[in-house]
Amino acid sequence: MSSRYLLLLAGLCLPVSLVCAQAPAADDAVRPDRVLLLNLTDTGENLIAVGERGVVLRSPHDAHEWQSVRTSTTRTLAGVAFVNPQRGVAVGHGGTLLRTDDGGLHWQAVETDSGDDALLGVAALGEGRLVAWGAFGLYLLSTDQGQTWQRLSVLGEDFDRHISQVIALANGDWLMVGESGTLARSTDQGEHWQALQSPYQGSLFGALQLKDGGLLIYGMRGNLWYSADGGQTWQQRQTGTTFALNGAVQLRSGRVLLMGNSGLLLASDDQGSSFAGQPSTQASLARALEQNDGTLLAVGDRGILPLTVNARKGQE
């Protein structure tokens with residue numbers, strides 16, 4: 001599998017040259033606006049972003065200054081999650097899994113049964129549990145805050161589809177999306193998975209549960225689907241684009257933002273019933289989050305990018 005396709009699954013479709021670029025010297029500072037970043041999280045005390053060449057960027061909540069942190073890998077990091085402000089995990093290509101116990105200042109490699117298959121994401125889902133996922137059905141579960149990991153099968157021993165995202169739902173269940181329309185639910189905190197009827201047979205890149213309980217799943221060629229009944233039935237939502245949808249976030253105002261390749265940004269002010277195009281970000285985006293002061297930050301092929309889209313309809 002090409003690095004280009006693995007980056008597509010991690011959130012961005014970018015040239016292979018960006019993945020294979022030479023790692024910077026150990027004393028080089030990484031500019032936050034000149035590095036490919038694929039994921040971003042708020043630890044409760046700091047913001048942590050990860051991306052190409054094993055780069056980790058760390059900032060206090062104001063996000064005005066970013067510190068580049070050297071790790072033991074030059075592999076692309078695609079996912080990051082924290083169980084508390086000090087303990088977190090980052091994952092990436094080549095089965096890379098790193099753990100920190102000091103809020104992201106230092107990272108140690110953790111041995112797992114992943115072989116060389118890429119890990120494309122990780123999530124902290126409560127009670128000290130983390131799950132990491134990736135290519136060819138790779139799925140790892142930790143119940144001790146990321147210290148040890150167990151490899152589990154998903155949807156049978158023959159399942160070999162790439163997993164794109166796992167999220168926790170409000171009722172305690174977990175939802176999984178992935179390649180070839182993969183859609184599944186776990187009712188026992190990720191130990192076992194049951195397939196759901198998928199409305200789309202192409203690759204799904206992410207999922208979001210809205211404040212009213214509705215579910216959005218999204219992926220290739222602008223495909224977006226909505227469920228009001230916990231994923232039992234789905235209705236397609238029109239996006240007006242064929243660009244890939246990489247990430248979604250709901251703001252405290254209720255506004256829903258979808259982001260994608262080639263500067264694509266869509267907004268909904270009716271709980272996902274309809275979406276309208278927003279001014280282009282001029283960058284392909286993977287993830288975004290809203291800070292306590294309402295500031296929106298995204299990561300993508302231009303590093304850290306503040307978003308100027310306002311939180312409410314009528315303020316553009």
# chains A, B, ... in the order shown; residues from 1 in each chain; ligands from 1
>>> residues_around(residues="A:Ala170", least_positions_apart="6", cutoff="12 Å", atoms="only C-alpha atoms", output="ChimeraX atom specification")
/A:125-126,187,208-215,230
>>> residues_around(residues="A:Ala90", least_positions_apart="2", cutoff="8 Å", atoms="only C-alpha atoms", output="ChimeraX atom specification")
/A:50,77-81,88,92,97-99,122
>>> select_by_dssp(residues="stretch 228-285 of chain A", states="strand (DSSP E or B)", output="list in words")
Gln235, Gln236, Arg237, Leu245, Asn246, Gly247, Ala248, Val249, Gln250, Val256, Leu257, Leu258, Met259, Gly260, Leu265, Leu266, Ala267, Ser268, Ala276, Gly277 and Leu285 of chain A
>>> residues_around(residues="A:Phe82", least_positions_apart="3", cutoff="12 Å", atoms="only C-alpha atoms", output="PyMOL selection string")
chain A and resi 40-49+79+85-91+98-104+122-126+128-131+145-146
>>> write_last_selection(atoms="N, CA and C atoms", output="mmCIF file, in the first residue's frame")
data_model
loop_
_atom_site.group_PDB
_atom_site.id
_atom_site.type_symbol
_atom_site.label_atom_id
_atom_site.label_comp_id
_atom_site.auth_asym_id
_atom_site.auth_seq_id
_atom_site.Cartn_x
_atom_site.Cartn_y
_atom_site.Cartn_z
ATOM 1 N N LEU A 40 -4.921 16.682 16.190
ATOM 2 C CA LEU A 40 -4.823 17.730 17.198
ATOM 3 C C LEU A 40 -5.736 17.366 18.358
ATOM 4 N N THR A 41 -5.259 17.551 19.595
ATOM 5 C CA THR A 41 -6.097 17.273 20.750
ATOM 6 C C THR A 41 -5.814 18.264 21.868
ATOM 7 N N ASP A 42 -6.789 18.417 22.739
ATOM 8 C CA ASP A 42 -6.667 19.255 23.927
ATOM 9 C C ASP A 42 -6.531 18.330 25.130
ATOM 10 N N THR A 43 -5.415 18.422 25.838
ATOM 11 C CA THR A 43 -5.171 17.523 26.969
ATOM 12 C C THR A 43 -5.877 17.977 28.233
ATOM 13 N N GLY A 44 -6.400 19.185 28.226
ATOM 14 C CA GLY A 44 -6.938 19.796 29.426
ATOM 15 C C GLY A 44 -6.013 20.861 29.970
ATOM 16 N N GLU A 45 -4.735 20.760 29.611
ATOM 17 C CA GLU A 45 -3.746 21.767 30.010
ATOM 18 C C GLU A 45 -2.980 22.334 28.827
ATOM 19 N N ASN A 46 -2.826 21.527 27.783
ATOM 20 C CA ASN A 46 -2.077 21.932 26.597
ATOM 21 C C ASN A 46 -2.766 21.434 25.337
ATOM 22 N N LEU A 47 -2.364 21.992 24.204
ATOM 23 C CA LEU A 47 -2.743 21.483 22.903
ATOM 24 C C LEU A 47 -1.577 20.685 22.352
ATOM 25 N N ILE A 48 -1.869 19.519 21.778
ATOM 26 C CA ILE A 48 -0.846 18.658 21.186
ATOM 27 C C ILE A 48 -1.254 18.354 19.755
ATOM 28 N N ALA A 49 -0.323 18.586 18.812
ATOM 29 C CA ALA A 49 -0.554 18.258 17.408
ATOM 30 C C ALA A 49 0.536 17.310 16.940
ATOM 31 N N GLY A 79 -2.307 10.007 14.714
ATOM 32 C CA GLY A 79 -3.318 10.125 15.753
ATOM 33 C C GLY A 79 -2.701 10.430 17.101
ATOM 34 N N PRO A 85 -4.420 15.010 31.594
ATOM 35 C CA PRO A 85 -3.464 16.000 31.090
ATOM 36 C C PRO A 85 -2.025 15.518 30.977
ATOM 37 N N GLN A 86 -1.651 14.466 31.706
ATOM 38 C CA GLN A 86 -0.268 13.998 31.679
ATOM 39 C C GLN A 86 -0.042 12.789 30.784
ATOM 40 N N ARG A 87 -1.007 11.893 30.717
ATOM 41 C CA ARG A 87 -0.809 10.615 30.039
ATOM 42 C C ARG A 87 -1.519 10.575 28.696
ATOM 43 N N GLY A 88 -0.717 10.314 27.645
ATOM 44 C CA GLY A 88 -1.279 10.283 26.314
ATOM 45 C C GLY A 88 -0.535 9.323 25.412
ATOM 46 N N VAL A 89 -1.104 9.111 24.218
ATOM 47 C CA VAL A 89 -0.558 8.174 23.238
ATOM 48 C C VAL A 89 -0.618 8.819 21.862
ATOM 49 N N ALA A 90 0.433 8.611 21.076
ATOM 50 C CA ALA A 90 0.450 9.005 19.673
ATOM 51 C C ALA A 90 0.757 7.774 18.838
ATOM 52 N N VAL A 91 0.133 7.668 17.664
ATOM 53 C CA VAL A 91 0.327 6.501 16.805
ATOM 54 C C VAL A 91 0.615 6.947 15.383
ATOM 55 N N LEU A 98 3.625 5.604 20.575
ATOM 56 C CA LEU A 98 4.409 6.324 21.569
ATOM 57 C C LEU A 98 3.524 6.695 22.744
ATOM 58 N N ARG A 99 4.124 6.772 23.934
ATOM 59 C CA ARG A 99 3.379 7.119 25.140
ATOM 60 C C ARG A 99 4.117 8.195 25.922
ATOM 61 N N THR A 100 3.363 9.127 26.512
ATOM 62 C CA THR A 100 3.941 10.156 27.355
ATOM 63 C C THR A 100 3.286 10.136 28.732
ATOM 64 N N ASP A 101 4.079 10.425 29.759
ATOM 65 C CA ASP A 101 3.563 10.533 31.125
ATOM 66 C C ASP A 101 3.773 11.927 31.698
ATOM 67 N N ASP A 102 4.229 12.871 30.845
ATOM 68 C CA ASP A 102 4.496 14.218 31.343
ATOM 69 C C ASP A 102 3.894 15.295 30.444
ATOM 70 N N GLY A 103 2.695 15.006 29.926
ATOM 71 C CA GLY A 103 1.981 16.008 29.156
ATOM 72 C C GLY A 103 2.520 16.269 27.766
ATOM 73 N N GLY A 104 3.301 15.344 27.228
ATOM 74 C CA GLY A 104 3.800 15.478 25.868
ATOM 75 C C GLY A 104 5.192 16.043 25.741
ATOM 76 N N VAL A 122 -6.104 6.991 17.181
ATOM 77 C CA VAL A 122 -6.204 6.505 18.556
ATOM 78 C C VAL A 122 -7.214 7.378 19.276
ATOM 79 N N ALA A 123 -7.945 6.792 20.218
ATOM 80 C CA ALA A 123 -8.932 7.547 20.990
ATOM 81 C C ALA A 123 -8.946 7.059 22.418
ATOM 82 N N ALA A 124 -9.126 7.990 23.351
ATOM 83 C CA ALA A 124 -9.341 7.672 24.761
ATOM 84 C C ALA A 124 -10.845 7.694 24.998
ATOM 85 N N LEU A 125 -11.382 6.564 25.444
ATOM 86 C CA LEU A 125 -12.826 6.396 25.478
ATOM 87 C C LEU A 125 -13.356 6.146 26.882
ATOM 88 N N GLY A 126 -12.603 6.582 27.908
ATOM 89 C CA GLY A 126 -13.099 6.514 29.278
ATOM 90 C C GLY A 126 -12.610 5.310 30.044
ATOM 91 N N GLY A 128 -9.879 4.671 31.548
ATOM 92 C CA GLY A 128 -8.521 4.241 31.256
ATOM 93 C C GLY A 128 -8.359 3.469 29.976
ATOM 94 N N ARG A 129 -9.430 3.373 29.190
ATOM 95 C CA ARG A 129 -9.375 2.607 27.949
ATOM 96 C C ARG A 129 -8.971 3.485 26.775
ATOM 97 N N LEU A 130 -8.079 2.938 25.952
ATOM 98 C CA LEU A 130 -7.735 3.541 24.673
ATOM 99 C C LEU A 130 -7.850 2.479 23.597
ATOM 100 N N VAL A 131 -8.185 2.910 22.396
ATOM 101 C CA VAL A 131 -8.199 2.018 21.256
ATOM 102 C C VAL A 131 -7.417 2.683 20.134
ATOM 103 N N GLN A 145 -4.446 2.701 30.445
ATOM 104 C CA GLN A 145 -3.965 4.023 30.055
ATOM 105 C C GLN A 145 -2.794 3.957 29.070
ATOM 106 N N GLY A 146 -2.774 2.923 28.240
ATOM 107 C CA GLY A 146 -1.793 2.842 27.171
ATOM 108 C C GLY A 146 -0.488 2.164 27.517
#
>>> residues_around(residues="stretch 191-195 of chain A", least_positions_apart="2", cutoff="9 Å", atoms="only C-alpha atoms", output="PyMOL selection string")
chain A and resi 141+152-156+174-176+182-189+197-198
>>> write_last_selection(atoms="C-alpha atoms", output="compact mmCIF listing (two decimals), in the first residue's frame")
# COMPACT_ATOMS: atom_id res chain seq x y z
CA LEU A 141 -7.12 -2.13 22.87
CA LEU A 152 -8.20 -8.01 18.77
CA SER A 153 -10.04 -9.11 15.65
CA VAL A 154 -12.84 -6.97 14.31
CA LEU A 155 -15.89 -8.47 12.57
CA GLY A 156 -14.17 -11.84 12.23
CA TRP A 174 -18.75 2.71 20.45
CA LEU A 175 -19.04 3.32 16.70
CA MET A 176 -16.48 2.35 14.05
CA THR A 182 -17.24 -0.43 7.18
CA LEU A 183 -19.75 0.49 9.88
CA ALA A 184 -19.90 -1.32 13.22
CA ARG A 185 -20.98 -0.93 16.84
CA SER A 186 -19.56 -2.24 20.12
CA THR A 187 -21.72 -2.55 23.22
CA ASP A 188 -18.93 -3.85 25.49
CA GLN A 189 -16.32 -1.06 25.30
CA GLN A 197 -26.01 -1.95 7.60
CA SER A 198 -23.94 0.66 5.79
>>> residues_around(residues="stretch 247-262 of chain A", least_positions_apart="3", cutoff="6 Å", atoms="only C-alpha atoms", output="NGL selection string")
:A and (243-244 or 265-269 or 283-287)
>>> write_last_selection(atoms="C-alpha atoms", output="PDB file, in the first residue's frame")
ATOM      1  CA  PHE A 243     -13.757  16.419  -2.432  1.00  0.00           C
ATOM      2  CA  ALA A 244     -12.999  14.045   0.435  1.00  0.00           C
ATOM      3  CA  LEU A 265     -15.244  23.925   4.625  1.00  0.00           C
ATOM      4  CA  LEU A 266     -18.981  23.322   5.108  1.00  0.00           C
ATOM      5  CA  ALA A 267     -21.270  24.536   7.911  1.00  0.00           C
ATOM      6  CA  SER A 268     -24.659  23.449   9.242  1.00  0.00           C
ATOM      7  CA  ASP A 269     -26.872  25.458  11.599  1.00  0.00           C
ATOM      8  CA  ALA A 283      -5.503  24.433   2.816  1.00  0.00           C
ATOM      9  CA  SER A 284      -6.495  20.797   3.099  1.00  0.00           C
ATOM     10  CA  LEU A 285      -7.662  20.171   6.653  1.00  0.00           C
ATOM     11  CA  ALA A 286      -7.703  16.975   8.730  1.00  0.00           C
ATOM     12  CA  ARG A 287      -9.020  17.939  12.184  1.00  0.00           C
TER      13      ARG A 287
END
>>> closest_residue(among="A:Val69, A:Val166, A:Ala276, A:Leu196", to="A:Leu105", atoms="only C-alpha atoms")
A:Val69
>>> closest_residue(among="A:Asp229, A:Asp144, A:Gln165, A:Gln291", to="A:Pro60", atoms="only C-alpha atoms")
A:Gln291
>>> atom_distance(atom1="atom CA of A:Arg221", atom2="atom CA of A:Ile163")
17.7 Å
>>> select_by_dssp(residues="stretch 80-221 of chain A", states="helix (DSSP H, G or I)", output="PyMOL selection string")
chain A and resi 93-95+135-137+179-181+220-221
>>> closest_residue(among="A:Asn39, A:Ile167, A:Gln232, A:Leu216", to="A:Ala288", atoms="only C-alpha atoms")
A:Asn39
>>> closest_residue(among="A:Pro199, A:Thr308, A:Phe205, A:Val299", to="A:Val35", atoms="only C-alpha atoms")
A:Val299
>>> atom_distance(atom1="atom CA of A:His93", atom2="atom CA of A:Val55")
12.6 Å
>>> residues_around(residues="A:Val30", least_positions_apart="2", cutoff="9 Å", atoms="only C-alpha atoms", output="VMD selection string")
chain A and resid 24 28 32 to 35 55 57 66 to 69
